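Source file: target.cif; contents: mmCIF, C-alpha atoms and all ligand atoms.
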```
data_upload
#
loop_
_atom_site.group_PDB
_atom_site.id
_atom_site.type_symbol
_atom_site.label_atom_id
_atom_site.label_comp_id
_atom_site.auth_asym_id
_atom_site.auth_seq_id
_atom_site.Cartn_x
_atom_site.Cartn_y
_atom_site.Cartn_z
ATOM 1 C CA MET P 1 0.000 0.000 0.000
ATOM 2 C CA LYS P 2 1.327 3.457 -0.838
ATOM 3 C CA THR P 3 1.963 5.874 2.068
ATOM 4 C CA ALA P 4 -0.441 8.428 0.617
ATOM 5 C CA SER P 5 -3.377 6.038 0.900
ATOM 6 C CA LYS P 6 -2.694 4.893 4.489
ATOM 7 C CA THR P 7 -4.880 6.257 7.263
ATOM 8 C CA TYR P 8 -3.359 9.311 8.888
ATOM 9 C CA GLU P 9 -4.519 11.640 11.659
ATOM 10 C CA ILE P 10 -3.917 15.178 12.839
ATOM 11 C CA LEU P 11 -4.947 16.634 16.183
ATOM 12 C CA TYR P 12 -4.737 20.313 16.997
ATOM 13 C CA VAL P 13 -6.023 22.978 19.331
ATOM 14 C CA SER P 14 -6.755 26.524 18.132
ATOM 15 C CA THR P 15 -8.344 29.713 19.435
ATOM 16 C CA MET P 16 -11.383 31.298 17.859
ATOM 17 C CA ALA P 17 -10.705 34.757 16.349
ATOM 18 C CA ALA P 18 -11.872 37.567 18.633
ATOM 19 C CA ASP P 19 -14.044 39.072 15.879
ATOM 20 C CA ALA P 20 -15.617 35.770 14.827
ATOM 21 C CA PRO P 21 -19.322 35.499 15.698
ATOM 22 C CA LEU P 22 -20.320 32.388 17.679
ATOM 23 C CA ALA P 23 -22.448 31.336 14.705
ATOM 24 C CA ILE P 24 -19.267 30.277 12.893
ATOM 25 C CA VAL P 25 -19.076 27.180 15.075
ATOM 26 C CA GLY P 26 -22.270 25.730 13.638
ATOM 27 C CA ALA P 27 -21.319 26.897 10.140
ATOM 28 C CA VAL P 28 -17.890 25.231 10.325
ATOM 29 C CA ALA P 29 -19.353 21.974 11.649
ATOM 30 C CA ALA P 30 -22.045 21.908 8.946
ATOM 31 C CA HIS P 31 -19.551 22.631 6.150
ATOM 32 C CA ALA P 32 -17.116 20.056 7.529
ATOM 33 C CA ARG P 33 -19.750 17.319 7.610
ATOM 34 C CA ILE P 34 -20.526 17.659 3.920
ATOM 35 C CA ALA P 35 -17.012 18.416 2.632
ATOM 36 C CA ASN P 36 -15.373 15.669 4.703
ATOM 37 C CA ALA P 37 -17.838 13.015 3.609
ATOM 38 C CA ALA P 38 -16.932 13.845 0.000
ATOM 39 C CA CYS P 39 -13.253 12.970 0.545
ATOM 40 C CA ASP P 40 -13.708 10.222 3.141
ATOM 41 C CA ILE P 41 -12.386 12.241 6.073
ATOM 42 C CA THR P 42 -13.821 11.520 9.505
ATOM 43 C CA GLY P 43 -13.142 13.040 12.898
ATOM 44 C CA VAL P 44 -14.391 15.229 15.691
ATOM 45 C CA LEU P 45 -14.575 18.930 16.531
ATOM 46 C CA ILE P 46 -14.839 20.173 20.119
ATOM 47 C CA PHE P 47 -15.506 23.776 21.174
ATOM 48 C CA ASP P 48 -15.265 25.212 24.678
ATOM 49 C CA GLY P 49 -16.441 28.744 23.925
ATOM 50 C CA VAL P 50 -12.887 29.955 23.250
ATOM 51 C CA ARG P 51 -10.820 27.121 21.801
ATOM 52 C CA PHE P 52 -11.386 24.471 19.172
ATOM 53 C CA CYS P 53 -9.897 21.004 19.299
ATOM 54 C CA GLN P 54 -10.169 18.891 16.178
ATOM 55 C CA GLN P 55 -9.114 15.436 15.109
ATOM 56 C CA ILE P 56 -9.179 14.677 11.388
ATOM 57 C CA GLU P 57 -8.417 11.266 9.895
ATOM 58 C CA GLY P 58 -8.382 9.813 6.413
ATOM 59 C CA ARG P 59 -6.000 9.333 3.500
ATOM 60 C CA GLN P 60 -2.780 11.179 4.310
ATOM 61 C CA LYS P 61 -2.885 13.411 1.243
ATOM 62 C CA ASP P 62 -6.487 14.434 1.957
ATOM 63 C CA VAL P 63 -5.805 15.090 5.654
ATOM 64 C CA LEU P 64 -2.738 17.216 4.839
ATOM 65 C CA ALA P 65 -4.619 19.159 2.162
ATOM 66 C CA LEU P 66 -7.476 19.873 4.579
ATOM 67 C CA MET P 67 -5.039 20.924 7.291
ATOM 68 C CA GLU P 68 -3.474 23.435 4.857
ATOM 69 C CA ARG P 69 -6.906 25.024 4.373
ATOM 70 C CA ILE P 70 -7.655 24.979 8.101
ATOM 71 C CA TYR P 71 -4.312 26.701 8.837
ATOM 72 C CA GLN P 72 -5.251 29.536 6.498
ATOM 73 C CA ASP P 73 -8.709 30.081 7.967
ATOM 74 C CA ALA P 74 -8.814 33.510 9.638
ATOM 75 C CA ARG P 75 -11.706 32.462 11.880
ATOM 76 C CA HIS P 76 -9.169 30.944 14.281
ATOM 77 C CA PHE P 77 -5.488 31.375 15.187
ATOM 78 C CA ASN P 78 -2.779 30.011 17.484
ATOM 79 C CA ILE P 79 -3.099 26.588 15.842
ATOM 80 C CA GLU P 80 -1.082 24.065 17.870
ATOM 81 C CA MET P 81 -0.808 20.689 16.189
ATOM 82 C CA PHE P 82 -0.152 18.390 19.139
ATOM 83 C CA HIS P 83 -0.108 15.116 17.227
ATOM 84 C CA HIS P 84 0.083 13.837 13.663
ATOM 85 C CA GLY P 85 0.883 10.407 12.363
ATOM 86 C CA PRO P 86 -0.358 7.137 10.868
ATOM 87 C CA LEU P 87 -3.313 5.325 12.398
ATOM 88 C CA PRO P 88 -3.897 1.546 12.269
ATOM 89 C CA GLY P 89 -7.663 2.159 12.071
ATOM 90 C CA ARG P 90 -10.018 5.113 12.259
ATOM 91 C CA ARG P 91 -11.118 6.390 15.663
ATOM 92 C CA PHE P 92 -14.358 7.987 14.396
ATOM 93 C CA ASN P 93 -15.513 5.759 11.580
ATOM 94 C CA HIS P 94 -19.145 6.813 11.887
ATOM 95 C CA PHE P 95 -18.699 10.592 11.942
ATOM 96 C CA SER P 96 -17.765 12.770 8.942
ATOM 97 C CA MET P 97 -17.313 15.396 11.672
ATOM 98 C CA ALA P 98 -18.768 14.733 15.105
ATOM 99 C CA PHE P 99 -19.273 17.813 17.240
ATOM 100 C CA SER P 100 -19.433 18.561 20.932
ATOM 101 C CA ASN P 101 -19.443 21.656 23.099
ATOM 102 C CA ILE P 102 -17.673 21.387 26.433
ATOM 103 C CA GLU P 103 -18.205 23.525 29.511
ATOM 104 C CA GLU P 104 -14.831 22.944 31.083
ATOM 105 C CA ILE P 105 -12.311 25.501 29.780
ATOM 106 C CA GLY P 106 -9.137 24.019 31.298
ATOM 107 C CA VAL P 107 -8.965 20.814 29.239
ATOM 108 C CA LEU P 108 -8.316 22.368 25.816
ATOM 109 C CA GLU P 109 -5.947 24.879 27.371
ATOM 110 C CA ARG P 110 -3.994 21.946 28.794
ATOM 111 C CA LEU P 111 -3.976 20.141 25.433
ATOM 112 C CA GLU P 112 -2.313 23.207 23.923
ATOM 113 C CA GLN P 113 0.726 22.431 26.101
ATOM 114 C CA LEU P 114 0.928 18.682 25.391
ATOM 115 C CA ASN P 115 2.608 16.795 22.599
ATOM 116 C CA GLY P 116 2.453 13.395 20.954
ATOM 117 C CA GLN P 117 1.002 10.415 22.780
ATOM 118 C CA GLN P 118 0.375 12.386 25.972
ATOM 119 C CA GLY P 119 -1.871 14.728 24.022
ATOM 120 C CA VAL P 120 -3.660 11.818 22.309
ATOM 121 C CA ASP P 121 -4.289 10.166 25.703
ATOM 122 C CA VAL P 122 -5.818 13.325 27.206
ATOM 123 C CA PHE P 123 -7.868 13.865 24.039
ATOM 124 C CA MET P 124 -9.230 10.281 24.029
ATOM 125 C CA ALA P 125 -10.034 10.472 27.774
ATOM 126 C CA LEU P 126 -11.969 13.691 27.063
ATOM 127 C CA ILE P 127 -13.828 12.088 24.134
ATOM 128 C CA ALA P 128 -14.991 9.257 26.389
ATOM 129 C CA THR P 129 -16.852 11.801 28.566
ATOM 130 C CA LEU P 130 -18.648 13.556 25.668
ATOM 131 C CA ASN P 131 -21.982 13.039 24.023
ATOM 132 C CA LEU P 132 -20.891 13.416 20.393
ATOM 133 C CA GLN P 133 -23.400 14.744 17.851
ATOM 134 C CA ALA P 134 -23.199 13.283 14.381
HETATM 135 C C1 LIG P 201 -11.890 25.145 13.655
HETATM 136 C C2 LIG P 201 -12.153 24.874 12.208
HETATM 137 C C3 LIG P 201 -12.311 23.571 11.768
HETATM 138 C C4 LIG P 201 -12.568 23.285 10.420
HETATM 139 N N1 LIG P 201 -12.741 21.992 10.027
HETATM 140 C C5 LIG P 201 -13.004 21.719 8.740
HETATM 141 C C6 LIG P 201 -13.200 20.372 8.309
HETATM 142 O O1 LIG P 201 -13.140 19.411 9.073
HETATM 143 N N2 LIG P 201 -13.476 20.185 6.973
HETATM 144 C C7 LIG P 201 -13.573 21.215 6.065
HETATM 145 O O2 LIG P 201 -13.816 20.973 4.888
HETATM 146 N N3 LIG P 201 -13.398 22.483 6.464
HETATM 147 C C8 LIG P 201 -13.118 22.760 7.778
HETATM 148 N N4 LIG P 201 -12.933 24.060 8.160
HETATM 149 C C9 LIG P 201 -13.071 25.110 7.142
HETATM 150 C C10 LIG P 201 -11.791 25.295 6.378
HETATM 151 O O3 LIG P 201 -10.899 26.067 7.163
HETATM 152 C C11 LIG P 201 -12.050 26.016 5.052
HETATM 153 O O4 LIG P 201 -12.828 27.161 5.280
HETATM 154 C C12 LIG P 201 -12.786 25.135 4.089
HETATM 155 O O5 LIG P 201 -12.168 23.882 3.965
HETATM 156 C C13 LIG P 201 -12.797 25.837 2.709
HETATM 157 O O6 LIG P 201 -13.599 25.086 1.876
HETATM 158 P P1 LIG P 201 -13.905 25.594 0.387
HETATM 159 O O7 LIG P 201 -12.558 25.778 -0.241
HETATM 160 O O8 LIG P 201 -14.702 24.500 -0.184
HETATM 161 O O9 LIG P 201 -14.672 26.867 0.584
HETATM 162 C C14 LIG P 201 -12.657 24.358 9.500
HETATM 163 C C15 LIG P 201 -12.492 25.677 9.943
HETATM 164 C C16 LIG P 201 -12.241 25.941 11.277
HETATM 165 C C17 LIG P 201 -12.075 27.360 11.730
#
```
Step by step, read the file and then write its structure as structure tokens.
Ligand SMILES: Cc1cc2nc3c(=O)[nH]c(=O)nc-3n(C[C@H](O)[C@H](O)[C@H](O)COP(=O)(O)O)c2cc1C
Amino acid sequence: MKTASKTYEILYVSTMAADAPLAIVGAVAAHARIANAACDITGVLIFDGVRFCQQIEGRQKDVLALMERIYQDARHFNIEMFHHGPLPGRRFNHFSMAFSNIEEIGVLERLEQLNGQQGVDVFMALIATLNLQA
């Protein structure tokens, strides 16, 4: 199998732009659901009122291309990629982009400081507590 077709994931935390209206959260999630389904990307988006945390997974070339677009999106900044790498199998097979709000501010702030497996572990522990919306 070629590298470009293996499953790959990226996890990052970012901060919503100060001038972005809250309505962008729903707009981003709705756009992501449709656009991701079209290129077989799955994942999850979490929002705590200030920060986003997103996991995207799919073919490596598609994930990297999406991440390029996300980096350039002025609706958020301070994008900290805390993990990227190959995945043996998808984590969110059933969600083109699941979404959840969280009340607790500290968790995403903490993820901003973590790297690699430590970040993935905190992220997956957080996911287990959420009621994800498809
Ligand atoms: C926090 C955040 C997460 C995003 N996630 C996705 C995503 O999962 N899929 C997607 O297609 N666009 C996502 N976007 C939007 C992209 O940054 C970009 O606006 C979009 O891919 C452009 O699509 P277009 O070229 O079809 O207009 C996200 C934007 C933000 C701010």
Problem set entry | Coordinates-based distance that separates atom CA of Glu80 of chain P from atom CA of Ala128 of chain P (Å, one decimal) | 22.0 Å
Spell out the residues picked by the PyMOL selection byres (((chain P and resi 114-123) around 12) and not hetatm) here, as a PDB file with C-alpha atoms, in the coordinates of the input.
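Final output, part15.pdb:
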```
ATOM      1  CA  GLU P   9      -4.519  11.640  11.659  1.00  0.00           C
ATOM      2  CA  ILE P  10      -3.917  15.178  12.839  1.00  0.00           C
ATOM      3  CA  LEU P  11      -4.947  16.634  16.183  1.00  0.00           C
ATOM      4  CA  TYR P  12      -4.737  20.313  16.997  1.00  0.00           C
ATOM      5  CA  VAL P  13      -6.023  22.978  19.331  1.00  0.00           C
ATOM      6  CA  VAL P  44     -14.391  15.229  15.691  1.00  0.00           C
ATOM      7  CA  LEU P  45     -14.575  18.930  16.531  1.00  0.00           C
ATOM      8  CA  ILE P  46     -14.839  20.173  20.119  1.00  0.00           C
ATOM      9  CA  CYS P  53      -9.897  21.004  19.299  1.00  0.00           C
ATOM     10  CA  GLN P  54     -10.169  18.891  16.178  1.00  0.00           C
ATOM     11  CA  GLN P  55      -9.114  15.436  15.109  1.00  0.00           C
ATOM     12  CA  GLU P  80      -1.082  24.065  17.870  1.00  0.00           C
ATOM     13  CA  MET P  81      -0.808  20.689  16.189  1.00  0.00           C
ATOM     14  CA  PHE P  82      -0.152  18.390  19.139  1.00  0.00           C
ATOM     15  CA  HIS P  83      -0.108  15.116  17.227  1.00  0.00           C
ATOM     16  CA  HIS P  84       0.083  13.837  13.663  1.00  0.00           C
ATOM     17  CA  GLY P  85       0.883  10.407  12.363  1.00  0.00           C
ATOM     18  CA  LEU P  87      -3.313   5.325  12.398  1.00  0.00           C
ATOM     19  CA  ARG P  91     -11.118   6.390  15.663  1.00  0.00           C
ATOM     20  CA  GLY P 106      -9.137  24.019  31.298  1.00  0.00           C
ATOM     21  CA  VAL P 107      -8.965  20.814  29.239  1.00  0.00           C
ATOM     22  CA  LEU P 108      -8.316  22.368  25.816  1.00  0.00           C
ATOM     23  CA  GLU P 109      -5.947  24.879  27.371  1.00  0.00           C
ATOM     24  CA  ARG P 110      -3.994  21.946  28.794  1.00  0.00           C
ATOM     25  CA  LEU P 111      -3.976  20.141  25.433  1.00  0.00           C
ATOM     26  CA  GLU P 112      -2.313  23.207  23.923  1.00  0.00           C
ATOM     27  CA  GLN P 113       0.726  22.431  26.101  1.00  0.00           C
ATOM     28  CA  MET P 124      -9.230  10.281  24.029  1.00  0.00           C
ATOM     29  CA  ALA P 125     -10.034  10.472  27.774  1.00  0.00           C
ATOM     30  CA  LEU P 126     -11.969  13.691  27.063  1.00  0.00           C
ATOM     31  CA  ILE P 127     -13.828  12.088  24.134  1.00  0.00           C
ATOM     32  CA  ALA P 128     -14.991   9.257  26.389  1.00  0.00           C
ATOM     33  CA  THR P 129     -16.852  11.801  28.566  1.00  0.00           C
ATOM     34  CA  LEU P 130     -18.648  13.556  25.668  1.00  0.00           C
TER      35      LEU P 130
END
```
For this session: For the structure shown, which residues end up in the PyMOL selection byres (((not hetatm)) within 6 of (chain P and resi 201))? Put them as number ranges by chain, please?
Result: P: 28, 32, 35-36, 52, 69-70, 73, 75-76
Write a file of the just-selected residues containing C-alpha atoms, as a PDB file, in the frame of the given file.
```
ATOM      1  CA  VAL P  28     -17.890  25.231  10.325  1.00  0.00           C
ATOM      2  CA  ALA P  32     -17.116  20.056   7.529  1.00  0.00           C
ATOM      3  CA  ALA P  35     -17.012  18.416   2.632  1.00  0.00           C
ATOM      4  CA  ASN P  36     -15.373  15.669   4.703  1.00  0.00           C
ATOM      5  CA  PHE P  52     -11.386  24.471  19.172  1.00  0.00           C
ATOM      6  CA  ARG P  69      -6.906  25.024   4.373  1.00  0.00           C
ATOM      7  CA  ILE P  70      -7.655  24.979   8.101  1.00  0.00           C
ATOM      8  CA  ASP P  73      -8.709  30.081   7.967  1.00  0.00           C
ATOM      9  CA  ARG P  75     -11.706  32.462  11.880  1.00  0.00           C
ATOM     10  CA  HIS P  76      -9.169  30.944  14.281  1.00  0.00           C
TER      11      HIS P  76
END
```
Exercise. Near segment 58-68 of chain P, within 7 Å and counting only C-alpha atoms, which residues show up once chain neighbours fewer than 3 positions away are dropped, as an NGL selection string?
Worked result: :P and (4-9 or 40-42 or 71-72)
Keeping only C-alpha atoms, write the selected residues to a file as a PDB file, keeping the file's coordinate frame.
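Result file is again.pdb:
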```pdb
ATOM      1  CA  ALA P   4      -0.441   8.428   0.617  1.00  0.00           C
ATOM      2  CA  SER P   5      -3.377   6.038   0.900  1.00  0.00           C
ATOM      3  CA  LYS P   6      -2.694   4.893   4.489  1.00  0.00           C
ATOM      4  CA  THR P   7      -4.880   6.257   7.263  1.00  0.00           C
ATOM      5  CA  TYR P   8      -3.359   9.311   8.888  1.00  0.00           C
ATOM      6  CA  GLU P   9      -4.519  11.640  11.659  1.00  0.00           C
ATOM      7  CA  ASP P  40     -13.708  10.222   3.141  1.00  0.00           C
ATOM      8  CA  ILE P  41     -12.386  12.241   6.073  1.00  0.00           C
ATOM      9  CA  THR P  42     -13.821  11.520   9.505  1.00  0.00           C
ATOM     10  CA  TYR P  71      -4.312  26.701   8.837  1.00  0.00           C
ATOM     11  CA  GLN P  72      -5.251  29.536   6.498  1.00  0.00           C
TER      12      GLN P  72
END
```
For this session: Any chance you could resolve the PyMOL selection byres (((chain P and resi 134) around 9) and not hetatm) against this file and give the residues as a list in words?
Result: Arg33, His94, Phe95, Ser96, Met97, Ala98, Phe99, Leu132 and Gln133 of chain P
Problem set entry | segment 103-105 of chain P environment, 9 Å, all atoms listed in the file, sequence neighbours closer than 3 positions dropped, as a list in words | Phe47, Asp48, Gly49, Val50, Arg51, Leu108 and Glu109 of chain P
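Closest to Arg90 of chain P among P:Ala18, P:Ala74, P:Gly43, P:Ile24 is P:Gly43, based on all atoms listed in the file.
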For this session: State, in Å with one decimal place, the distance from atom CA of Cys39 of chain P to atom CA of Ile56 of chain P.
Result: 11.7 Å
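With only C-alpha atoms as the atoms that count, the minimum distance from Glu57 of chain P to the choices P:Pro86, P:Asn101, P:Leu22, P:Asn131 is reached by P:Pro86.
The space between atom CA of Met16 of chain P and atom CA of Asn78 of chain P spans 8.7 Å.
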